[in-house]
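S.K.: Here's a structure for you.
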Amino acid sequence: MEVAQRRARLAVRHRLAGAARADDPVEVARDLVALHSTDPSSVHVAAWVRMNDGAAGAVERALYEDRSLIRLLGMRRTVFVTSLDVAPVLQAACSRTVAARERRKLLGYLAESGVADDEAGVLSWLAGAEDAALRALTARGEATAAELAGDDPRLSTQIVLSRGKSYEGRQNVASRLLLLLAAEGRVVRGRPRGSWTSHQYRWAPLTDWFPGGLAEWDAEDAEAALAERWLRAFGPATAEDLSWWAGWTKTQTRRALTRLAPVEVELGDGGGTGLLLADDLADTPEPEPWAALLPALDSTPMGWHERGWFLGAHGPRLFDRAGNIGPSVWWNGRIVGGWAQDGAGTIVCRFLEDVGADAEAAVRAEADRLAPLLAGVRLSPRTRGRTWLEDELAAG
């Protein structure tokens, strides 16, 4: 499969070409499997640029009023927003493993803090704290970790994180416990305090989204189902891409792919061996020329480990040191630059290669389409490092 066909598939399946845009943020999240949500603003911008009518309140309504989208801790211990039909699959395939690690860590912190004399006592103490947190949250309906910490003395117990390190810190049990309960699919990050760019969430019971709780999936069935969704959205891609994206071991990845029996294809420009679902071999017609301004940590550029076929040599200017991408400018399936807001909040784009007048005009039109939605809002990379290009653009 040549690179041009991969880019055509990306344009259509990721809702980036003009004719492929969605009418609903739920369609966007479902078609990309999930929207990256470590930076809460990314979810909103990622949906807006893929929608015909990116109304400012569309994502908030879906998350907190219609509750047709849900925020979960999933792949790579990262926060994502996904649709209700995908959530149980993601939970069983990824979140359950994350939750087991989080429980072990919390038990270790509690043992260090001396809440009980032995392992059995620590386990009993944690079970009581869980019950107290869930009762308090149910009574309140929605609450911050600080509010819950005031409802029961166990929840205000201090634990030490990264003991002995230069970045050692203290935290209420309530904060760490809510992280665990979220990973286990029992509570949900709800509406943030402040605007949609805020990182301070209120929490709510999962039953507000799923009255009967998440559907139970066998882990291996869920892995295969998640891999199938990912390949349909991101294929052709390599097994290494899937392993990285899902945060799976090689064994998990191999097991899921064995169930799916994908077809191997040679990827153009020396991209190696890619995988496609057996019923997904037809070519995608090339769409009309398109441009897009994608937010930092967007699910499209973060969907593959090997990005050379759409990123080229621009990585050092667009990624921070931890491997997180900043805001990117796309033209016909390739990243050709980046964007940021200047001191006045105006969108500023920088091309990293010569793209021609048509591309520049299309990018300006996309910036004009996005600008009203960002009016009065400043996006800041609080969950990652600022990229080289963002520094340059913001300073200009």
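Residues are referred to by chain and number: the chain letter is A, B, ... according to the order shown in the structure tokens, the number counts from 1 in that chain, and ligands are numbered separately from 1 in the order shown.
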Within 12 Å of stretch 125-136 of chain A, counting only C-alpha atoms, which residues qualify if same-chain residues fewer than 5 places away don't, as a PDB file with N, CA, C and O atoms, in the first residue's frame?

M.R.:
```pdb
ATOM      1  N   ARG A 103      -3.703  -0.153  42.271  1.00  0.00           N
ATOM      2  CA  ARG A 103      -4.071  -0.713  43.577  1.00  0.00           C
ATOM      3  C   ARG A 103      -2.814  -1.148  44.334  1.00  0.00           C
ATOM      4  O   ARG A 103      -2.687  -0.890  45.540  1.00  0.00           O
ATOM      5  N   ARG A 104      -1.890  -1.810  43.649  1.00  0.00           N
ATOM      6  CA  ARG A 104      -0.655  -2.231  44.311  1.00  0.00           C
ATOM      7  C   ARG A 104       0.115  -1.015  44.828  1.00  0.00           C
ATOM      8  O   ARG A 104       0.643  -1.024  45.943  1.00  0.00           O
ATOM      9  N   LEU A 106      -1.063   1.998  45.626  1.00  0.00           N
ATOM     10  CA  LEU A 106      -1.750   2.632  46.743  1.00  0.00           C
ATOM     11  C   LEU A 106      -1.572   1.829  48.027  1.00  0.00           C
ATOM     12  O   LEU A 106      -1.361   2.393  49.110  1.00  0.00           O
ATOM     13  N   LEU A 107      -1.639   0.509  47.938  1.00  0.00           N
ATOM     14  CA  LEU A 107      -1.413  -0.324  49.121  1.00  0.00           C
ATOM     15  C   LEU A 107      -0.012  -0.102  49.677  1.00  0.00           C
ATOM     16  O   LEU A 107       0.188  -0.063  50.899  1.00  0.00           O
ATOM     17  N   GLY A 108       0.963   0.065  48.781  1.00  0.00           N
ATOM     18  CA  GLY A 108       2.320   0.340  49.238  1.00  0.00           C
ATOM     19  C   GLY A 108       2.421   1.677  49.949  1.00  0.00           C
ATOM     20  O   GLY A 108       3.070   1.794  51.001  1.00  0.00           O
ATOM     21  N   TYR A 109       1.785   2.706  49.390  1.00  0.00           N
ATOM     22  CA  TYR A 109       1.794   4.025  50.028  1.00  0.00           C
ATOM     23  C   TYR A 109       1.144   3.963  51.412  1.00  0.00           C
ATOM     24  O   TYR A 109       1.632   4.581  52.374  1.00  0.00           O
ATOM     25  N   LEU A 110       0.039   3.231  51.503  1.00  0.00           N
ATOM     26  CA  LEU A 110      -0.667   3.144  52.778  1.00  0.00           C
ATOM     27  C   LEU A 110       0.151   2.390  53.821  1.00  0.00           C
ATOM     28  O   LEU A 110       0.169   2.768  55.003  1.00  0.00           O
ATOM     29  N   ALA A 111       0.836   1.325  53.401  1.00  0.00           N
ATOM     30  CA  ALA A 111       1.683   0.581  54.330  1.00  0.00           C
ATOM     31  C   ALA A 111       2.799   1.477  54.865  1.00  0.00           C
ATOM     32  O   ALA A 111       3.106   1.471  56.074  1.00  0.00           O
ATOM     33  N   SER A 113       2.677   4.652  55.191  1.00  0.00           N
ATOM     34  CA  SER A 113       2.115   5.721  56.026  1.00  0.00           C
ATOM     35  C   SER A 113       1.696   5.229  57.403  1.00  0.00           C
ATOM     36  O   SER A 113       1.383   6.028  58.285  1.00  0.00           O
ATOM     37  N   GLY A 114       1.654   3.893  57.603  1.00  0.00           N
ATOM     38  CA  GLY A 114       1.348   3.338  58.912  1.00  0.00           C
ATOM     39  C   GLY A 114      -0.120   3.344  59.285  1.00  0.00           C
ATOM     40  O   GLY A 114      -0.458   3.457  60.472  1.00  0.00           O
ATOM     41  N   VAL A 115      -1.021   3.187  58.307  1.00  0.00           N
ATOM     42  CA  VAL A 115      -2.452   3.183  58.642  1.00  0.00           C
ATOM     43  C   VAL A 115      -2.857   1.917  59.382  1.00  0.00           C
ATOM     44  O   VAL A 115      -3.923   1.873  60.017  1.00  0.00           O
ATOM     45  N   ALA A 116      -2.029   0.869  59.294  1.00  0.00           N
ATOM     46  CA  ALA A 116      -2.316  -0.392  59.987  1.00  0.00           C
ATOM     47  C   ALA A 116      -1.002  -1.113  60.257  1.00  0.00           C
ATOM     48  O   ALA A 116       0.045  -0.767  59.699  1.00  0.00           O
ATOM     49  N   ASP A 117      -1.067  -2.136  61.095  1.00  0.00           N
ATOM     50  CA  ASP A 117       0.157  -2.821  61.526  1.00  0.00           C
ATOM     51  C   ASP A 117       0.607  -3.920  60.582  1.00  0.00           C
ATOM     52  O   ASP A 117       1.770  -4.320  60.608  1.00  0.00           O
ATOM     53  N   ASP A 118      -0.295  -4.453  59.767  1.00  0.00           N
ATOM     54  CA  ASP A 118       0.086  -5.564  58.887  1.00  0.00           C
ATOM     55  C   ASP A 118      -0.689  -5.463  57.580  1.00  0.00           C
ATOM     56  O   ASP A 118      -1.541  -4.580  57.398  1.00  0.00           O
ATOM     57  N   GLU A 119      -0.386  -6.396  56.662  1.00  0.00           N
ATOM     58  CA  GLU A 119      -1.005  -6.354  55.335  1.00  0.00           C
ATOM     59  C   GLU A 119      -2.522  -6.476  55.416  1.00  0.00           C
ATOM     60  O   GLU A 119      -3.247  -5.767  54.717  1.00  0.00           O
ATOM     61  N   ALA A 120      -2.998  -7.366  56.256  1.00  0.00           N
ATOM     62  CA  ALA A 120      -4.448  -7.546  56.376  1.00  0.00           C
ATOM     63  C   ALA A 120      -5.113  -6.261  56.868  1.00  0.00           C
ATOM     64  O   ALA A 120      -6.194  -5.882  56.405  1.00  0.00           O
ATOM     65  N   GLY A 141     -23.421  13.553  44.793  1.00  0.00           N
ATOM     66  CA  GLY A 141     -23.728  13.534  43.366  1.00  0.00           C
ATOM     67  C   GLY A 141     -22.524  13.852  42.515  1.00  0.00           C
ATOM     68  O   GLY A 141     -22.293  13.235  41.478  1.00  0.00           O
ATOM     69  N   GLU A 142     -21.722  14.795  42.967  1.00  0.00           N
ATOM     70  CA  GLU A 142     -20.527  15.216  42.249  1.00  0.00           C
ATOM     71  C   GLU A 142     -19.660  15.966  43.263  1.00  0.00           C
ATOM     72  O   GLU A 142     -20.175  16.726  44.077  1.00  0.00           O
ATOM     73  N   ALA A 143     -18.347  15.742  43.220  1.00  0.00           N
ATOM     74  CA  ALA A 143     -17.487  16.379  44.214  1.00  0.00           C
ATOM     75  C   ALA A 143     -16.050  16.385  43.744  1.00  0.00           C
ATOM     76  O   ALA A 143     -15.636  15.554  42.926  1.00  0.00           O
ATOM     77  N   THR A 144     -15.270  17.317  44.279  1.00  0.00           N
ATOM     78  CA  THR A 144     -13.830  17.306  44.057  1.00  0.00           C
ATOM     79  C   THR A 144     -13.182  16.388  45.097  1.00  0.00           C
ATOM     80  O   THR A 144     -13.797  16.024  46.113  1.00  0.00           O
ATOM     81  N   ALA A 145     -11.920  16.047  44.865  1.00  0.00           N
ATOM     82  CA  ALA A 145     -11.196  15.226  45.831  1.00  0.00           C
ATOM     83  C   ALA A 145     -11.092  15.952  47.167  1.00  0.00           C
ATOM     84  O   ALA A 145     -11.205  15.331  48.238  1.00  0.00           O
ATOM     85  N   ALA A 146     -10.871  17.267  47.134  1.00  0.00           N
ATOM     86  CA  ALA A 146     -10.750  18.031  48.374  1.00  0.00           C
ATOM     87  C   ALA A 146     -12.057  17.999  49.166  1.00  0.00           C
ATOM     88  O   ALA A 146     -12.045  17.902  50.408  1.00  0.00           O
ATOM     89  N   GLU A 147     -13.187  18.072  48.485  1.00  0.00           N
ATOM     90  CA  GLU A 147     -14.474  18.014  49.175  1.00  0.00           C
ATOM     91  C   GLU A 147     -14.681  16.660  49.828  1.00  0.00           C
ATOM     92  O   GLU A 147     -15.150  16.567  50.971  1.00  0.00           O
ATOM     93  N   LEU A 148     -14.329  15.591  49.127  1.00  0.00           N
ATOM     94  CA  LEU A 148     -14.477  14.251  49.703  1.00  0.00           C
ATOM     95  C   LEU A 148     -13.552  14.057  50.894  1.00  0.00           C
ATOM     96  O   LEU A 148     -13.897  13.375  51.857  1.00  0.00           O
ATOM     97  N   ALA A 149     -12.351  14.650  50.824  1.00  0.00           N
ATOM     98  CA  ALA A 149     -11.395  14.506  51.927  1.00  0.00           C
ATOM     99  C   ALA A 149     -11.957  15.087  53.218  1.00  0.00           C
ATOM    100  O   ALA A 149     -11.565  14.667  54.316  1.00  0.00           O
ATOM    101  N   GLY A 150     -12.876  16.044  53.103  1.00  0.00           N
ATOM    102  CA  GLY A 150     -13.495  16.616  54.289  1.00  0.00           C
ATOM    103  C   GLY A 150     -14.676  15.822  54.808  1.00  0.00           C
ATOM    104  O   GLY A 150     -15.210  16.131  55.876  1.00  0.00           O
ATOM    105  N   ASP A 151     -15.108  14.789  54.082  1.00  0.00           N
ATOM    106  CA  ASP A 151     -16.289  14.022  54.470  1.00  0.00           C
ATOM    107  C   ASP A 151     -15.988  12.849  55.389  1.00  0.00           C
ATOM    108  O   ASP A 151     -16.892  12.300  56.035  1.00  0.00           O
ATOM    109  N   ASP A 152     -14.723  12.402  55.413  1.00  0.00           N
ATOM    110  CA  ASP A 152     -14.353  11.255  56.231  1.00  0.00           C
ATOM    111  C   ASP A 152     -12.875  11.385  56.569  1.00  0.00           C
ATOM    112  O   ASP A 152     -12.062  11.627  55.669  1.00  0.00           O
ATOM    113  N   PRO A 153     -12.489  11.234  57.838  1.00  0.00           N
ATOM    114  CA  PRO A 153     -11.078  11.426  58.198  1.00  0.00           C
ATOM    115  C   PRO A 153     -10.123  10.487  57.473  1.00  0.00           C
ATOM    116  O   PRO A 153      -8.959  10.831  57.238  1.00  0.00           O
ATOM    117  N   ARG A 154     -10.595   9.311  57.085  1.00  0.00           N
ATOM    118  CA  ARG A 154      -9.707   8.400  56.347  1.00  0.00           C
ATOM    119  C   ARG A 154      -9.307   8.990  55.001  1.00  0.00           C
ATOM    120  O   ARG A 154      -8.181   8.781  54.524  1.00  0.00           O
ATOM    121  N   LEU A 155     -10.206   9.743  54.396  1.00  0.00           N
ATOM    122  CA  LEU A 155      -9.942  10.271  53.063  1.00  0.00           C
ATOM    123  C   LEU A 155      -8.992  11.463  53.090  1.00  0.00           C
ATOM    124  O   LEU A 155      -8.460  11.850  52.048  1.00  0.00           O
ATOM    125  N   SER A 156      -8.772  12.032  54.260  1.00  0.00           N
ATOM    126  CA  SER A 156      -7.811  13.134  54.374  1.00  0.00           C
ATOM    127  C   SER A 156      -6.442  12.655  54.840  1.00  0.00           C
ATOM    128  O   SER A 156      -5.531  13.466  55.028  1.00  0.00           O
ATOM    129  N   THR A 157      -6.288  11.344  55.014  1.00  0.00           N
ATOM    130  CA  THR A 157      -4.986  10.784  55.400  1.00  0.00           C
ATOM    131  C   THR A 157      -3.935  11.141  54.362  1.00  0.00           C
ATOM    132  O   THR A 157      -4.183  11.037  53.155  1.00  0.00           O
ATOM    133  N   ASN A 172      -3.525  13.784  49.679  1.00  0.00           N
ATOM    134  CA  ASN A 172      -4.614  13.145  50.408  1.00  0.00           C
ATOM    135  C   ASN A 172      -4.932  11.795  49.784  1.00  0.00           C
ATOM    136  O   ASN A 172      -4.888  11.634  48.565  1.00  0.00           O
ATOM    137  N   VAL A 173      -5.296  10.845  50.630  1.00  0.00           N
ATOM    138  CA  VAL A 173      -5.718   9.534  50.112  1.00  0.00           C
ATOM    139  C   VAL A 173      -6.859   9.697  49.116  1.00  0.00           C
ATOM    140  O   VAL A 173      -6.946   8.966  48.130  1.00  0.00           O
ATOM    141  N   ALA A 174      -7.743  10.666  49.341  1.00  0.00           N
ATOM    142  CA  ALA A 174      -8.904  10.844  48.461  1.00  0.00           C
ATOM    143  C   ALA A 174      -8.482  10.993  47.010  1.00  0.00           C
ATOM    144  O   ALA A 174      -9.098  10.389  46.112  1.00  0.00           O
ATOM    145  N   SER A 175      -7.441  11.784  46.736  1.00  0.00           N
ATOM    146  CA  SER A 175      -7.005  12.007  45.353  1.00  0.00           C
ATOM    147  C   SER A 175      -6.527  10.720  44.715  1.00  0.00           C
ATOM    148  O   SER A 175      -6.886  10.397  43.578  1.00  0.00           O
ATOM    149  N   ARG A 176      -5.703   9.973  45.445  1.00  0.00           N
ATOM    150  CA  ARG A 176      -5.158   8.732  44.883  1.00  0.00           C
ATOM    151  C   ARG A 176      -6.243   7.660  44.782  1.00  0.00           C
ATOM    152  O   ARG A 176      -6.261   6.863  43.836  1.00  0.00           O
ATOM    153  N   LEU A 177      -7.143   7.639  45.721  1.00  0.00           N
ATOM    154  CA  LEU A 177      -8.215   6.652  45.712  1.00  0.00           C
ATOM    155  C   LEU A 177      -9.159   6.881  44.542  1.00  0.00           C
ATOM    156  O   LEU A 177      -9.610   5.926  43.892  1.00  0.00           O
ATOM    157  N   LEU A 178      -9.462   8.127  44.231  1.00  0.00           N
ATOM    158  CA  LEU A 178     -10.328   8.416  43.093  1.00  0.00           C
ATOM    159  C   LEU A 178      -9.677   7.978  41.780  1.00  0.00           C
ATOM    160  O   LEU A 178     -10.359   7.498  40.872  1.00  0.00           O
ATOM    161  N   LEU A 179      -8.367   8.149  41.680  1.00  0.00           N
ATOM    162  CA  LEU A 179      -7.652   7.663  40.497  1.00  0.00           C
ATOM    163  C   LEU A 179      -7.816   6.158  40.358  1.00  0.00           C
ATOM    164  O   LEU A 179      -8.076   5.635  39.257  1.00  0.00           O
ATOM    165  N   LEU A 180      -7.690   5.437  41.468  1.00  0.00           N
ATOM    166  CA  LEU A 180      -7.864   3.989  41.445  1.00  0.00           C
ATOM    167  C   LEU A 180      -9.293   3.607  41.088  1.00  0.00           C
ATOM    168  O   LEU A 180      -9.521   2.741  40.233  1.00  0.00           O
ATOM    169  N   LEU A 181     -10.263   4.244  41.718  1.00  0.00           N
ATOM    170  CA  LEU A 181     -11.662   3.909  41.442  1.00  0.00           C
ATOM    171  C   LEU A 181     -12.038   4.230  39.998  1.00  0.00           C
ATOM    172  O   LEU A 181     -12.861   3.523  39.391  1.00  0.00           O
ATOM    173  N   ALA A 182     -11.423   5.268  39.433  1.00  0.00           N
ATOM    174  CA  ALA A 182     -11.671   5.572  38.024  1.00  0.00           C
ATOM    175  C   ALA A 182     -11.089   4.484  37.131  1.00  0.00           C
ATOM    176  O   ALA A 182     -11.727   4.048  36.161  1.00  0.00           O
ATOM    177  N   GLU A 184     -10.701   1.469  37.872  1.00  0.00           N
ATOM    178  CA  GLU A 184     -11.508   0.256  38.054  1.00  0.00           C
ATOM    179  C   GLU A 184     -12.914   0.400  37.485  1.00  0.00           C
ATOM    180  O   GLU A 184     -13.708  -0.546  37.554  1.00  0.00           O
ATOM    181  N   ARG A 186     -15.354   2.640  38.432  1.00  0.00           N
ATOM    182  CA  ARG A 186     -16.388   2.870  39.451  1.00  0.00           C
ATOM    183  C   ARG A 186     -16.727   4.352  39.619  1.00  0.00           C
ATOM    184  O   ARG A 186     -17.815   4.682  40.104  1.00  0.00           O
ATOM    185  N   VAL A 187     -15.813   5.232  39.264  1.00  0.00           N
ATOM    186  CA  VAL A 187     -16.109   6.665  39.271  1.00  0.00           C
ATOM    187  C   VAL A 187     -15.588   7.266  37.972  1.00  0.00           C
ATOM    188  O   VAL A 187     -14.809   6.639  37.244  1.00  0.00           O
ATOM    189  N   VAL A 188     -16.021   8.475  37.682  1.00  0.00           N
ATOM    190  CA  VAL A 188     -15.715   9.135  36.416  1.00  0.00           C
ATOM    191  C   VAL A 188     -15.300  10.578  36.688  1.00  0.00           C
ATOM    192  O   VAL A 188     -15.876  11.242  37.563  1.00  0.00           O
ATOM    193  N   TRP A 203     -15.715  14.769  40.458  1.00  0.00           N
ATOM    194  CA  TRP A 203     -15.877  13.336  40.212  1.00  0.00           C
ATOM    195  C   TRP A 203     -17.337  12.954  40.412  1.00  0.00           C
ATOM    196  O   TRP A 203     -18.061  13.587  41.178  1.00  0.00           O
ATOM    197  N   ALA A 204     -17.743  11.903  39.721  1.00  0.00           N
ATOM    198  CA  ALA A 204     -19.128  11.443  39.812  1.00  0.00           C
ATOM    199  C   ALA A 204     -19.146   9.922  39.756  1.00  0.00           C
ATOM    200  O   ALA A 204     -18.214   9.291  39.233  1.00  0.00           O
ATOM    201  N   PRO A 205     -20.188   9.291  40.273  1.00  0.00           N
ATOM    202  CA  PRO A 205     -20.289   7.830  40.168  1.00  0.00           C
ATOM    203  C   PRO A 205     -20.427   7.392  38.713  1.00  0.00           C
ATOM    204  O   PRO A 205     -21.105   8.061  37.915  1.00  0.00           O
ATOM    205  N   LEU A 206     -19.821   6.293  38.364  1.00  0.00           N
ATOM    206  CA  LEU A 206     -19.930   5.769  36.998  1.00  0.00           C
ATOM    207  C   LEU A 206     -21.383   5.472  36.638  1.00  0.00           C
ATOM    208  O   LEU A 206     -21.772   5.548  35.464  1.00  0.00           O
ATOM    209  N   THR A 207     -22.201   5.167  37.635  1.00  0.00           N
ATOM    210  CA  THR A 207     -23.600   4.821  37.366  1.00  0.00           C
ATOM    211  C   THR A 207     -24.381   5.992  36.773  1.00  0.00           C
ATOM    212  O   THR A 207     -25.469   5.795  36.236  1.00  0.00           O
TER     213      THR A 207
END
```

S.K.: Give me, as JSON lines, the closest atom pair and its distance (Å, one decimal) for every residue of stretch 184-279 of chain A within a cut-off of 10 Å of stretch 306-309 of chain A, counting only C-alpha atoms, rows sorted by chain and rising number.

M.R.:
```
{"residue": "A:Ala237", "atom": "CA", "partner": "A:Glu306", "partner_atom": "CA", "distance": 8.7}
{"residue": "A:Thr238", "atom": "CA", "partner": "A:Glu306", "partner_atom": "CA", "distance": 8.5}
{"residue": "A:Glu240", "atom": "CA", "partner": "A:Glu306", "partner_atom": "CA", "distance": 8.4}
{"residue": "A:Asp241", "atom": "CA", "partner": "A:Glu306", "partner_atom": "CA", "distance": 6.7}
{"residue": "A:Trp244", "atom": "CA", "partner": "A:Glu306", "partner_atom": "CA", "distance": 9.7}
{"residue": "A:Leu267", "atom": "CA", "partner": "A:Trp309", "partner_atom": "CA", "distance": 9.6}
{"residue": "A:Gly268", "atom": "CA", "partner": "A:Trp309", "partner_atom": "CA", "distance": 8.8}
{"residue": "A:Asp269", "atom": "CA", "partner": "A:Trp309", "partner_atom": "CA", "distance": 7.9}
{"residue": "A:Gly270", "atom": "CA", "partner": "A:Trp309", "partner_atom": "CA", "distance": 9.6}
{"residue": "A:Gly271", "atom": "CA", "partner": "A:Trp309", "partner_atom": "CA", "distance": 7.7}
```

S.K.: Using only C-alpha atoms, find the one residue out of A:Ser380, A:Glu266, A:Leu393, A:Leu293 that sits nearest to A:Glu2.

M.R.: A:Glu266

S.K.: Need to verify the contact set: A:Ala55, 12 Å, only C-alpha atoms, exclusion of same-chain residues closer than 6 positions in sequence. Can you return it as a list in words?

M.R.: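 Listed by chain and then number, they are Asp23, Asp24, Pro25, His44, Val45, Ala47, Trp48, Val49, Arg61, Ala62, Arg369, Leu370, Pro372, Leu373 and Leu374 of chain A.
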
S.K.: Store the residues picked out above in a file with N, CA, C and O atoms, as a CSV table (one decimal), in the first residue's frame.

M.R.:
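Saved file again.csv follows:
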```csv
chain,number,residue,atom,x,y,z
A,23,ASP,N,-21.2,15.2,12.2
A,23,ASP,CA,-22.2,16.1,12.8
A,23,ASP,C,-22.3,16.0,14.3
A,23,ASP,O,-23.0,16.8,14.9
A,24,ASP,N,-21.6,15.1,14.9
A,24,ASP,CA,-21.7,14.8,16.3
A,24,ASP,C,-20.3,14.5,16.9
A,24,ASP,O,-19.6,13.7,16.3
A,25,PRO,N,-20.0,15.0,18.1
A,25,PRO,CA,-18.7,14.6,18.7
A,25,PRO,C,-18.6,13.1,19.0
A,25,PRO,O,-17.5,12.6,19.1
A,44,HIS,N,-11.9,18.9,23.0
A,44,HIS,CA,-12.8,19.9,22.4
A,44,HIS,C,-12.3,20.3,21.0
A,44,HIS,O,-13.1,20.3,20.1
A,45,VAL,N,-11.0,20.7,20.9
A,45,VAL,CA,-10.5,21.2,19.6
A,45,VAL,C,-10.5,20.0,18.6
A,45,VAL,O,-10.8,20.2,17.5
A,47,ALA,N,-12.5,17.5,18.4
A,47,ALA,CA,-13.8,17.3,17.9
A,47,ALA,C,-14.3,18.4,17.0
A,47,ALA,O,-14.8,18.2,15.9
A,48,TRP,N,-14.0,19.6,17.4
A,48,TRP,CA,-14.5,20.8,16.6
A,48,TRP,C,-13.9,20.7,15.2
A,48,TRP,O,-14.7,21.0,14.2
A,49,VAL,N,-12.6,20.5,15.0
A,49,VAL,CA,-12.0,20.5,13.7
A,49,VAL,C,-12.5,19.4,12.8
A,49,VAL,O,-12.4,19.5,11.6
A,61,ARG,N,-21.8,19.2,26.2
A,61,ARG,CA,-23.1,18.6,26.3
A,61,ARG,C,-23.0,17.1,26.2
A,61,ARG,O,-23.7,16.3,27.0
A,62,ALA,N,-22.2,16.5,25.3
A,62,ALA,CA,-22.1,15.1,25.2
A,62,ALA,C,-21.5,14.5,26.4
A,62,ALA,O,-21.9,13.4,26.8
A,369,ARG,N,-11.8,29.3,10.8
A,369,ARG,CA,-12.9,28.5,11.2
A,369,ARG,C,-12.8,28.2,12.7
A,369,ARG,O,-13.8,28.1,13.5
A,370,LEU,N,-11.5,28.0,13.2
A,370,LEU,CA,-11.3,27.7,14.6
A,370,LEU,C,-11.3,28.9,15.5
A,370,LEU,O,-11.7,28.8,16.7
A,372,PRO,N,-13.1,31.6,16.2
A,372,PRO,CA,-14.3,32.0,17.0
A,372,PRO,C,-14.5,31.0,18.2
A,372,PRO,O,-15.0,31.5,19.3
A,373,LEU,N,-14.1,29.8,18.1
A,373,LEU,CA,-14.3,28.8,19.1
A,373,LEU,C,-13.3,29.0,20.2
A,373,LEU,O,-13.5,28.6,21.4
A,374,LEU,N,-12.2,29.7,19.9
A,374,LEU,CA,-11.1,29.9,20.9
A,374,LEU,C,-11.1,31.3,21.4
A,374,LEU,O,-10.2,31.8,22.1
```

S.K.: Using DSSP on the backbone, list every residue of stretch 106-329 of chain A that comes out as helix (DSSP H, G or I), and give them as JSON, numbers by chain.

M.R.: {"A": [106, 107, 108, 109, 110, 111, 112, 113, 119, 120, 121, 122, 123, 124, 125, 126, 127, 128, 129, 130, 131, 132, 133, 134, 135, 136, 137, 138, 139, 140, 145, 146, 147, 148, 149, 153, 154, 155, 156, 173, 174, 175, 176, 177, 178, 179, 180, 181, 182, 183, 206, 207, 208, 219, 220, 221, 222, 223, 224, 225, 226, 227, 228, 229, 230, 231, 232, 233, 234, 239, 240, 241, 242, 243, 244, 245, 246, 250, 251, 252, 253, 254, 255, 256, 257, 258, 259, 260, 301, 302, 303, 308, 309, 310, 311, 315, 316, 317, 318]}

S.K.: Please identify all polymer residues within 8 Å of A:Arg229, counting only C-alpha atoms, omitting same-chain residues fewer than 4 positions from it, and present them as a list in words.

M.R.: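 Skipping anything fewer than 4 positions along the chain leaves Val33, Ala225 and Ala233 of chain A.
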
S.K.: Write out, as a PDB file, in the first residue's frame, the residues just selected, with all heavy atoms.

M.R.:
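Resulting contents of part_20.pdb:
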```
ATOM      1  N   VAL A  33     -11.641   5.683  17.847  1.00  0.00           N
ATOM      2  CA  VAL A  33     -11.622   4.778  19.005  1.00  0.00           C
ATOM      3  C   VAL A  33     -11.754   5.583  20.300  1.00  0.00           C
ATOM      4  O   VAL A  33     -12.581   5.280  21.150  1.00  0.00           O
ATOM      5  CB  VAL A  33     -10.369   3.873  19.057  1.00  0.00           C
ATOM      6  CG1 VAL A  33     -10.497   2.879  20.215  1.00  0.00           C
ATOM      7  CG2 VAL A  33     -10.158   3.147  17.735  1.00  0.00           C
ATOM      8  N   ALA A 225     -11.276  -7.146  20.325  1.00  0.00           N
ATOM      9  CA  ALA A 225     -12.253  -6.150  19.863  1.00  0.00           C
ATOM     10  C   ALA A 225     -11.624  -4.773  19.748  1.00  0.00           C
ATOM     11  O   ALA A 225     -11.897  -4.029  18.793  1.00  0.00           O
ATOM     12  CB  ALA A 225     -13.446  -6.111  20.819  1.00  0.00           C
ATOM     13  N   ALA A 233      -9.522   1.962  12.131  1.00  0.00           N
ATOM     14  CA  ALA A 233      -9.297   3.407  12.121  1.00  0.00           C
ATOM     15  C   ALA A 233      -7.889   3.777  11.687  1.00  0.00           C
ATOM     16  O   ALA A 233      -7.687   4.779  11.005  1.00  0.00           O
ATOM     17  CB  ALA A 233      -9.562   3.981  13.512  1.00  0.00           C
TER      18      ALA A 233
END
```

S.K.: Quick one: residues within 10 Å of A:Leu311, only C-alpha atoms counted, chain neighbours fewer than 3 positions away excluded, as a list in words?

M.R.: Pro301, Glu306, Arg307, Gly308, His314, Gly315, Leu318, Ser328, Trp330, Gly333, Arg334, Ile335, Val336 and Gly337 of chain A

S.K.: Quick one: everything within 12 Å of A:Arg30, counting only C-alpha atoms, minus sequence neighbours fewer than 6 positions away in the same chain. Send it as a CSV table (one decimal) with C-alpha atoms, in the first residue's frame.

M.R.:
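Saved as around24.csv:
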```csv
chain,number,residue,atom,x,y,z
A,13,ARG,CA,-11.5,7.7,8.6
A,14,HIS,CA,-10.2,10.4,10.9
A,15,ARG,CA,-12.9,12.8,9.7
A,22,ALA,CA,-19.1,14.5,11.4
A,24,ASP,CA,-21.7,14.8,16.3
A,47,ALA,CA,-13.8,17.3,17.9
A,68,SER,CA,-23.0,10.0,25.5
A,69,LEU,CA,-19.2,10.4,25.9
A,70,ILE,CA,-17.2,9.3,28.9
A,80,PHE,CA,-9.2,9.4,27.0
A,81,VAL,CA,-12.7,10.3,26.0
A,82,THR,CA,-14.7,7.6,24.2
A,83,SER,CA,-18.3,6.6,23.3
A,84,LEU,CA,-20.4,4.5,25.6
A,85,ASP,CA,-20.2,1.4,23.3
A,86,VAL,CA,-16.4,1.5,23.3
A,87,ALA,CA,-15.9,2.2,27.0
A,90,LEU,CA,-11.4,-0.2,26.6
A,226,LEU,CA,-10.1,-3.1,20.6
A,229,ARG,CA,-11.4,-1.1,16.1
A,230,TRP,CA,-7.9,0.4,16.1
A,232,ARG,CA,-10.1,-0.2,11.1
A,233,ALA,CA,-9.3,3.4,12.1
A,299,SER,CA,-5.3,11.2,18.6
```

S.K.: Near A:Ala292, within 8 Å and counting only C-alpha atoms, which residues show up once chain neighbours fewer than 4 positions away are dropped, as JSON, numbers by chain?

M.R.: {"A": [16, 49, 329, 330, 331, 363, 366]}
